[in-house]
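Quick look at data11.txt (compact mmCIF, C-alpha atoms):
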# COMPACT_ATOMS: atom_id res chain seq x y z
CA MET R 143 70.90 -71.81 145.03
CA ASP R 144 69.85 -73.84 141.98
CA THR R 145 69.41 -73.24 138.27
CA PRO R 146 65.59 -72.80 138.32
CA GLN R 147 65.97 -70.10 140.97
CA LEU R 148 68.62 -68.34 138.89
CA ASP R 149 66.48 -68.67 135.75
CA ALA R 150 63.63 -66.91 137.54
CA PHE R 151 65.90 -64.18 138.90
CA VAL R 152 67.50 -63.43 135.50
CA ALA R 153 64.13 -63.43 133.71
CA VAL R 154 62.67 -60.92 136.20
CA VAL R 155 65.72 -58.65 135.87
CA ASP R 156 65.67 -58.78 132.06
CA ILE R 157 61.95 -58.07 131.76
CA GLY R 158 61.38 -55.98 134.89
CA SER R 159 58.22 -57.84 135.86
CA PHE R 160 57.37 -61.04 137.75
CA THR R 161 54.24 -61.59 135.65
CA ARG R 162 55.97 -61.24 132.28
CA ALA R 163 58.95 -63.28 133.48
CA ALA R 164 56.53 -66.07 134.38
CA ALA R 165 55.07 -65.94 130.86
CA ARG R 166 58.56 -66.19 129.36
CA LEU R 167 59.41 -69.20 131.54
CA ASN R 168 55.98 -70.79 131.03
CA LEU R 169 55.41 -70.82 134.80
CA SER R 170 52.85 -69.33 137.13
CA GLN R 171 53.64 -65.96 138.67
CA PRO R 172 53.59 -67.37 142.26
CA THR R 173 56.14 -70.00 141.22
CA VAL R 174 58.54 -67.35 139.91
CA THR R 175 58.04 -65.26 143.05
CA THR R 176 58.69 -68.27 145.29
CA ARG R 177 61.88 -69.16 143.42
CA VAL R 178 63.27 -65.65 143.70
CA LYS R 179 62.37 -65.42 147.40
CA SER R 180 64.02 -68.80 148.03
CA LEU R 181 67.15 -67.56 146.28
CA GLU R 182 67.18 -64.41 148.40
CA GLN R 183 66.66 -66.40 151.60
CA GLY R 184 69.43 -68.83 150.69
CA LEU R 185 71.89 -65.99 150.05
CA GLY R 186 70.66 -63.87 152.94
CA VAL R 187 70.30 -60.73 150.81
CA THR R 188 67.64 -58.82 148.92
CA LEU R 189 68.22 -59.17 145.18
CA LEU R 190 65.30 -57.24 143.73
CA GLU R 191 63.59 -53.96 144.50
CA ARG R 192 59.82 -54.00 143.96
CA LEU R 193 58.88 -50.52 142.70
CA PRO R 194 55.60 -49.06 141.37
CA SER R 195 57.26 -48.76 137.95
CA GLY R 196 58.55 -52.33 137.93
CA VAL R 197 61.36 -54.45 139.34
CA ARG R 198 65.06 -53.68 139.33
CA PRO R 199 68.09 -55.42 140.87
CA THR R 200 69.66 -54.19 144.08
CA ALA R 201 73.44 -53.77 144.37
CA ALA R 202 73.64 -57.42 145.47
CA GLY R 203 71.42 -58.41 142.54
CA ARG R 204 73.64 -56.59 140.07
CA GLN R 205 76.66 -58.34 141.54
CA LEU R 206 75.01 -61.76 141.24
CA LEU R 207 73.66 -61.22 137.71
CA PRO R 208 76.76 -62.09 135.58
CA TYR R 209 77.43 -65.18 137.71
CA ALA R 210 73.80 -66.24 137.36
CA ARG R 211 73.97 -65.91 133.58
CA GLU R 212 77.18 -67.93 133.46
CA ILE R 213 75.78 -70.71 135.68
CA ILE R 214 72.64 -70.95 133.56
CA SER R 215 74.68 -71.05 130.36
CA LEU R 216 77.13 -73.59 131.75
CA THR R 217 74.31 -75.83 132.96
CA GLY R 218 72.72 -75.82 129.51
CA ARG R 219 76.03 -76.53 127.79
CA ALA R 220 76.75 -79.36 130.21
CA ARG R 221 73.42 -81.01 129.39
CA GLN R 222 73.99 -80.61 125.67
CA ALA R 223 77.55 -81.91 125.88
CA ILE R 224 76.33 -85.19 127.30
CA VAL R 225 74.00 -85.85 124.37
CA SER R 226 75.93 -84.15 121.55
CA GLY R 227 78.33 -86.96 120.77
CA GLY R 228 81.32 -84.63 121.01
CA GLN R 229 80.07 -82.25 118.30
CA PRO R 230 79.95 -78.47 118.84
CA HIS R 231 76.52 -77.58 120.14
CA GLY R 232 74.45 -74.86 121.74
CA ARG R 233 73.48 -71.25 121.13
CA VAL R 234 75.86 -68.34 120.68
CA ASP R 235 74.62 -64.77 121.14
CA VAL R 236 76.78 -62.45 119.08
CA GLY R 237 76.95 -58.66 119.21
CA THR R 238 77.91 -56.85 116.03
CA VAL R 239 77.71 -53.61 114.14
CA GLU R 240 75.11 -53.41 111.39
CA SER R 241 77.60 -52.80 108.57
CA LEU R 242 79.36 -56.11 109.29
CA THR R 243 76.28 -58.30 109.48
CA SER R 244 75.72 -58.93 105.77
CA TYR R 245 79.26 -58.51 104.54
CA ARG R 246 81.31 -60.36 107.13
CA LEU R 247 79.09 -62.36 109.46
CA LEU R 248 76.46 -63.97 107.25
CA PRO R 249 79.13 -65.92 105.32
CA MET R 250 80.50 -67.05 108.68
CA VAL R 251 77.03 -68.10 109.88
CA GLU R 252 76.40 -70.03 106.66
CA TYR R 253 79.76 -71.76 107.04
CA LEU R 254 78.93 -72.63 110.65
CA TYR R 255 75.43 -73.90 109.95
CA ARG R 256 76.57 -76.17 107.16
CA ARG R 257 79.37 -77.70 109.21
CA TYR R 258 77.81 -77.78 112.68
CA PRO R 259 74.03 -78.41 112.60
CA LYS R 260 73.75 -78.40 116.41
CA VAL R 261 75.03 -74.82 116.75
CA GLN R 262 72.58 -71.89 116.86
CA VAL R 263 73.72 -68.33 116.23
CA ALA R 264 71.78 -65.19 117.19
CA LEU R 265 73.16 -61.93 115.80
CA HIS R 266 72.41 -58.71 117.70
CA ALA R 267 73.22 -55.77 115.44
CA GLY R 268 73.57 -52.17 116.54
CA ALA R 269 76.28 -52.98 119.05
CA GLY R 270 79.37 -50.95 119.82
CA PRO R 271 81.09 -50.30 123.14
CA ASP R 272 77.83 -51.45 124.74
CA ALA R 273 78.42 -54.89 123.21
CA VAL R 274 81.76 -55.21 124.99
CA ALA R 275 80.01 -54.47 128.28
CA ALA R 276 77.33 -57.03 127.40
CA VAL R 277 80.03 -59.67 126.82
CA ARG R 278 81.61 -58.87 130.17
CA GLU R 279 78.23 -59.14 131.91
CA GLY R 280 77.37 -62.43 130.18
CA ARG R 281 74.47 -61.06 128.12
CA LEU R 282 76.42 -61.83 124.94
CA ASP R 283 78.85 -64.67 124.31
CA CYS R 284 81.05 -62.58 122.04
CA ALA R 285 81.04 -59.39 120.00
CA PHE R 286 82.49 -58.41 116.65
CA VAL R 287 83.81 -54.85 116.71
CA VAL R 288 85.59 -52.60 114.24
CA GLY R 289 88.26 -50.16 115.34
CA SER R 290 91.79 -49.95 116.62
CA PRO R 291 92.81 -52.93 118.80
CA GLU R 292 92.48 -52.34 122.52
CA GLU R 293 92.59 -54.43 125.66
CA HIS R 294 89.46 -55.04 127.71
CA GLU R 295 89.81 -56.20 131.31
CA GLY R 296 88.71 -59.81 131.74
CA LEU R 297 88.16 -60.28 128.02
CA ASP R 298 90.17 -61.78 125.17
CA THR R 299 90.36 -59.90 121.88
CA LEU R 300 91.24 -61.72 118.66
CA ILE R 301 92.07 -59.73 115.53
CA LEU R 302 90.43 -61.30 112.48
CA CYS R 303 91.46 -59.08 109.57
CA PRO R 304 92.22 -55.51 108.57
CA GLU R 305 89.02 -53.57 107.92
CA PRO R 306 89.67 -50.77 105.42
CA MET R 307 87.38 -47.78 105.85
CA VAL R 308 86.21 -45.26 103.30
CA LEU R 309 84.52 -41.89 103.48
CA VAL R 310 81.74 -41.84 100.87
CA SER R 311 79.51 -39.18 99.32
CA SER R 312 77.15 -38.91 96.40
CA PRO R 313 78.88 -38.50 93.01
CA GLY R 314 77.58 -34.94 92.76
CA HIS R 315 78.63 -33.89 96.25
CA SER R 316 81.11 -31.03 96.54
CA ALA R 317 83.56 -33.32 98.37
CA ALA R 318 83.61 -35.92 95.57
CA GLY R 319 86.32 -36.02 92.90
CA ARG R 320 88.06 -32.83 93.98
CA GLY R 321 91.31 -34.22 95.37
CA PRO R 322 92.22 -34.16 99.05
CA VAL R 323 89.43 -32.65 101.14
CA SER R 324 90.27 -30.46 104.10
CA GLU R 325 89.02 -31.37 107.53
CA ASP R 326 87.34 -27.96 107.75
CA VAL R 327 85.12 -28.97 104.81
CA LEU R 328 84.35 -32.33 106.45
CA ARG R 329 83.52 -30.68 109.76
CA ALA R 330 80.92 -28.55 107.99
CA THR R 331 79.27 -31.45 106.15
CA PRO R 332 76.31 -33.45 107.56
CA ILE R 333 77.31 -36.93 108.71
CA ILE R 334 75.25 -40.07 108.26
CA ARG R 335 75.94 -42.85 110.73
CA ALA R 336 75.04 -46.46 109.95
CA ASP R 337 76.70 -47.78 113.12
CA THR R 338 75.98 -45.15 115.75
CA ARG R 339 77.96 -46.75 118.56
CA ALA R 340 80.71 -48.44 116.55
CA GLY R 341 84.28 -47.93 117.70
CA TYR R 342 85.40 -46.80 114.25
CA GLN R 343 82.65 -44.16 114.17
CA LEU R 344 83.75 -42.73 117.50
CA GLN R 345 87.38 -42.66 116.29
CA PHE R 346 86.35 -40.86 113.10
CA GLU R 347 84.48 -38.16 114.99
CA GLN R 348 87.31 -37.73 117.49
CA ALA R 349 89.83 -37.40 114.63
CA LEU R 350 87.81 -34.53 113.16
CA GLY R 351 87.10 -32.98 116.54
CA LEU R 352 83.36 -33.27 116.01
CA ALA R 353 82.12 -32.19 119.40
CA GLY R 354 80.38 -29.25 120.96
CA PRO R 355 77.77 -26.87 119.56
CA ASP R 356 79.57 -26.30 116.24
CA ARG R 357 79.45 -29.94 115.15
CA PRO R 358 77.70 -30.70 111.83
CA ARG R 359 74.24 -32.24 111.61
CA VAL R 360 74.26 -35.96 112.33
CA PHE R 361 71.74 -38.50 111.05
CA ASP R 362 71.65 -41.71 113.09
CA LEU R 363 70.08 -44.41 110.93
CA ASP R 364 71.47 -47.67 112.39
CA SER R 365 70.90 -49.25 108.96
CA ILE R 366 73.57 -49.78 106.35
CA ASP R 367 71.08 -49.75 103.47
CA ALA R 368 69.36 -46.58 104.68
CA ALA R 369 72.74 -44.90 105.20
CA LYS R 370 73.88 -45.76 101.67
CA ARG R 371 70.64 -44.50 100.15
CA SER R 372 70.85 -41.26 102.13
CA VAL R 373 74.43 -40.67 101.01
CA ALA R 374 73.48 -41.37 97.38
CA LEU R 375 70.72 -38.75 97.69
CA GLY R 376 73.31 -36.16 98.72
CA ILE R 377 72.12 -35.72 102.29
CA GLY R 378 75.61 -36.11 103.75
CA ILE R 379 78.75 -38.22 103.96
CA ALA R 380 79.39 -41.51 105.75
CA PHE R 381 82.51 -43.14 107.16
CA ILE R 382 81.96 -46.82 106.63
CA PRO R 383 83.73 -50.19 106.09
CA LEU R 384 84.86 -50.45 102.47
CA VAL R 385 83.49 -54.00 102.18
CA SER R 386 79.95 -52.68 102.65
CA VAL R 387 80.09 -50.18 99.74
CA GLU R 388 82.38 -51.85 97.19
CA ARG R 389 79.52 -52.54 94.79
CA GLU R 390 78.17 -48.98 94.96
CA LEU R 391 81.64 -47.52 94.38
CA ALA R 392 82.15 -49.81 91.37
CA GLU R 393 78.73 -48.89 89.95
CA GLY R 394 79.29 -45.18 90.54
CA THR R 395 76.25 -44.62 92.73
CA LEU R 396 78.63 -43.56 95.53
CA SER R 397 82.01 -41.83 95.39
CA ALA R 398 85.02 -42.09 97.67
CA VAL R 399 86.08 -38.84 99.33
CA ASP R 400 89.84 -38.25 99.25
CA TRP R 401 90.49 -38.37 102.99
CA ALA R 402 92.59 -40.93 104.86
CA PRO R 403 91.85 -41.62 108.54
CA PRO R 404 94.79 -41.09 110.93
CA PHE R 405 94.19 -44.52 112.50
CA GLU R 406 94.01 -48.16 111.42
CA THR R 407 90.92 -50.30 111.86
CA TRP R 408 90.50 -54.03 112.26
CA THR R 409 87.61 -56.43 112.66
CA GLN R 410 87.98 -58.13 116.03
CA VAL R 411 86.06 -60.62 118.12
CA VAL R 412 85.81 -60.10 121.89
CA ARG R 413 84.93 -62.92 124.29
CA ARG R 414 85.13 -63.56 128.03
CA ARG R 415 88.36 -64.95 129.41
CA THR R 416 87.35 -68.23 131.02
CA LYS R 417 88.49 -71.83 131.32
CA THR R 418 84.93 -73.11 130.98
CA PRO R 419 84.52 -74.95 127.65
CA ASN R 420 82.11 -73.56 125.08
CA SER R 421 82.26 -75.68 121.94
CA ALA R 422 79.72 -73.58 120.02
CA LEU R 423 81.63 -70.36 120.66
CA ASP R 424 84.94 -72.04 119.81
CA ALA R 425 83.43 -73.26 116.53
CA LEU R 426 82.12 -69.78 115.73
CA VAL R 427 85.49 -68.13 116.32
CA ALA R 428 87.23 -70.79 114.21
CA ALA R 429 84.69 -70.23 111.42
CA ALA R 430 85.26 -66.47 111.62
CA LEU R 431 89.01 -67.00 111.25
CA ASP R 432 88.51 -69.31 108.25
CA VAL R 433 86.13 -66.92 106.50
CA ALA R 434 88.41 -63.94 107.20
CA ALA R 435 91.42 -65.86 105.80
CA GLU R 436 89.47 -66.75 102.65
CA HIS R 437 88.48 -63.10 102.21
CA ILE R 438 92.10 -61.96 102.55
CA ASP R 439 93.26 -64.63 100.08
CA ASP R 440 90.60 -63.51 97.59
CA ARG R 441 91.78 -59.92 97.94
CA VAL R 442 95.39 -60.98 97.30
CA LEU R 443 94.38 -62.97 94.19
CA ALA R 444 92.28 -60.08 92.90
CA ALA R 445 95.17 -57.65 93.41
CA GLY R 446 97.54 -60.02 91.60
Produce structure tokens that represent the structure in this file.
Amino acid sequence: MDTPQLDAFVAVVDIGSFTRAAARLNLSQPTVTTRVKSLEQGLGVTLLERLPSGVRPTAAGRQLLPYAREIISLTGRARQAIVSGGQPHGRVDVGTVESLTSYRLLPMVEYLYRRYPKVQVALHAGAGPDAVAAVREGRLDCAFVVGSPEEHEGLDTLILCPEPMVLVSSPGHSAAGRGPVSEDVLRATPIIRADTRAGYQLQFEQALGLAGPDRPRVFDLDSIDAAKRSVALGIGIAFIPLVSVERELAEGTLSAVDWAPPFETWTQVVRRRTKTPNSALDALVAAALDVAAEHIDDRVLAAG
């Protein structure tokens, strides 16, 4: 079992095709096929099922997959460590929710790029509970999530900062500026979701008991800008991180609905629990802590 064999195996699983995996790896299709067959022969198991609709991993293949990803990643980091001169280096794949990307993570990425030129960051928005699973499986190096802190088996969770939430509507909406709003009113109002799979969104809907045939209409947009525009047009209400709508609330294009969630929310970063060094990921987490601390300090100064 060697890294080229694992590269071929992972590429075929990710794409579902030997031919397209070969194109990704810049190899011939027979070469990719030979490498996967050699890997299967060396392990004495079948790793891939060849089906008319494509290729998918067997049970043994699914078991091997996270280890294969880790070996490939570790091999790349080892090569880079030798030539990096001790500086953080390498690529970090980061899962996040869309509403955090511009308002929390881009300042962190800018900070990281200025300080560590050998570190690459790839943000994958639209993540939620699926991102935690992707971290566990090695498809992502870490994930930024918003919600109540919880433990994840085999993963480390670091709390970065409190993440205040707000329920927003258009200024002319019946829920705006009328004092505390009952949950019955909220349950009858269309909901706009910018982060469909975010932990905080699931908590919000559970708190209101939004399930079953009597739930209100839901608009899944997976875009913070589209969600804000839809709310401003009066289409519905949105439960969203305050940091992402502060400007609109100050300008009066959106209004805060008088409803307090029965839970606290925090921005957190989730990563695999491992003793294997990853200087790029360590640098990213340190940058996230620094940026979060600066944000909290700015809030304290503004409040003072």
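One distance worth recording is that between atom CA of R:Asp156 and atom CA of R:Ala425, which is 27.7 Å.
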- [ ] For each of R:Pro306, R:Pro146, R:Gly184, R:Pro332, take the minimum atom-to-atom distance to R:Ser386, counting only C-alpha atoms, then give the residue where this is smallest.
- [x] R:Pro306
Task: R:Ala210, R:Cys284, R:Leu328, R:Met143 ranked by distance to R:Leu181, top pick (using all atoms listed in the file) - done: R:Met143
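With distances taken over all atoms listed in the file, R:Gly351 is the one residue among R:Pro249, R:Gly351, R:Pro230, R:Gly376 lying closest to R:Asp326.
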Open item on the list: Within 12 Å of (56.8, -65.6, 136.8) (file coordinates; only C-alpha atoms), which protein or nucleic acid residues are there? I'd like them as a ChimeraX atom specification.
Closed with: /R:146-147,149-155,157-179
Emit the selected residues as a compact mmCIF listing (two decimals), in the frame of the given file, including C-alpha atoms.
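So the final result, stored in selection_38.txt, reads:
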# COMPACT_ATOMS: atom_id res chain seq x y z
CA PRO R 146 65.59 -72.80 138.32
CA GLN R 147 65.97 -70.10 140.97
CA ASP R 149 66.48 -68.67 135.75
CA ALA R 150 63.63 -66.91 137.54
CA PHE R 151 65.90 -64.18 138.90
CA VAL R 152 67.50 -63.43 135.50
CA ALA R 153 64.13 -63.43 133.71
CA VAL R 154 62.67 -60.92 136.20
CA VAL R 155 65.72 -58.65 135.87
CA ILE R 157 61.95 -58.07 131.76
CA GLY R 158 61.38 -55.98 134.89
CA SER R 159 58.22 -57.84 135.86
CA PHE R 160 57.37 -61.04 137.75
CA THR R 161 54.24 -61.59 135.65
CA ARG R 162 55.97 -61.24 132.28
CA ALA R 163 58.95 -63.28 133.48
CA ALA R 164 56.53 -66.07 134.38
CA ALA R 165 55.07 -65.94 130.86
CA ARG R 166 58.56 -66.19 129.36
CA LEU R 167 59.41 -69.20 131.54
CA ASN R 168 55.98 -70.79 131.03
CA LEU R 169 55.41 -70.82 134.80
CA SER R 170 52.85 -69.33 137.13
CA GLN R 171 53.64 -65.96 138.67
CA PRO R 172 53.59 -67.37 142.26
CA THR R 173 56.14 -70.00 141.22
CA VAL R 174 58.54 -67.35 139.91
CA THR R 175 58.04 -65.26 143.05
CA THR R 176 58.69 -68.27 145.29
CA ARG R 177 61.88 -69.16 143.42
CA VAL R 178 63.27 -65.65 143.70
CA LYS R 179 62.37 -65.42 147.40
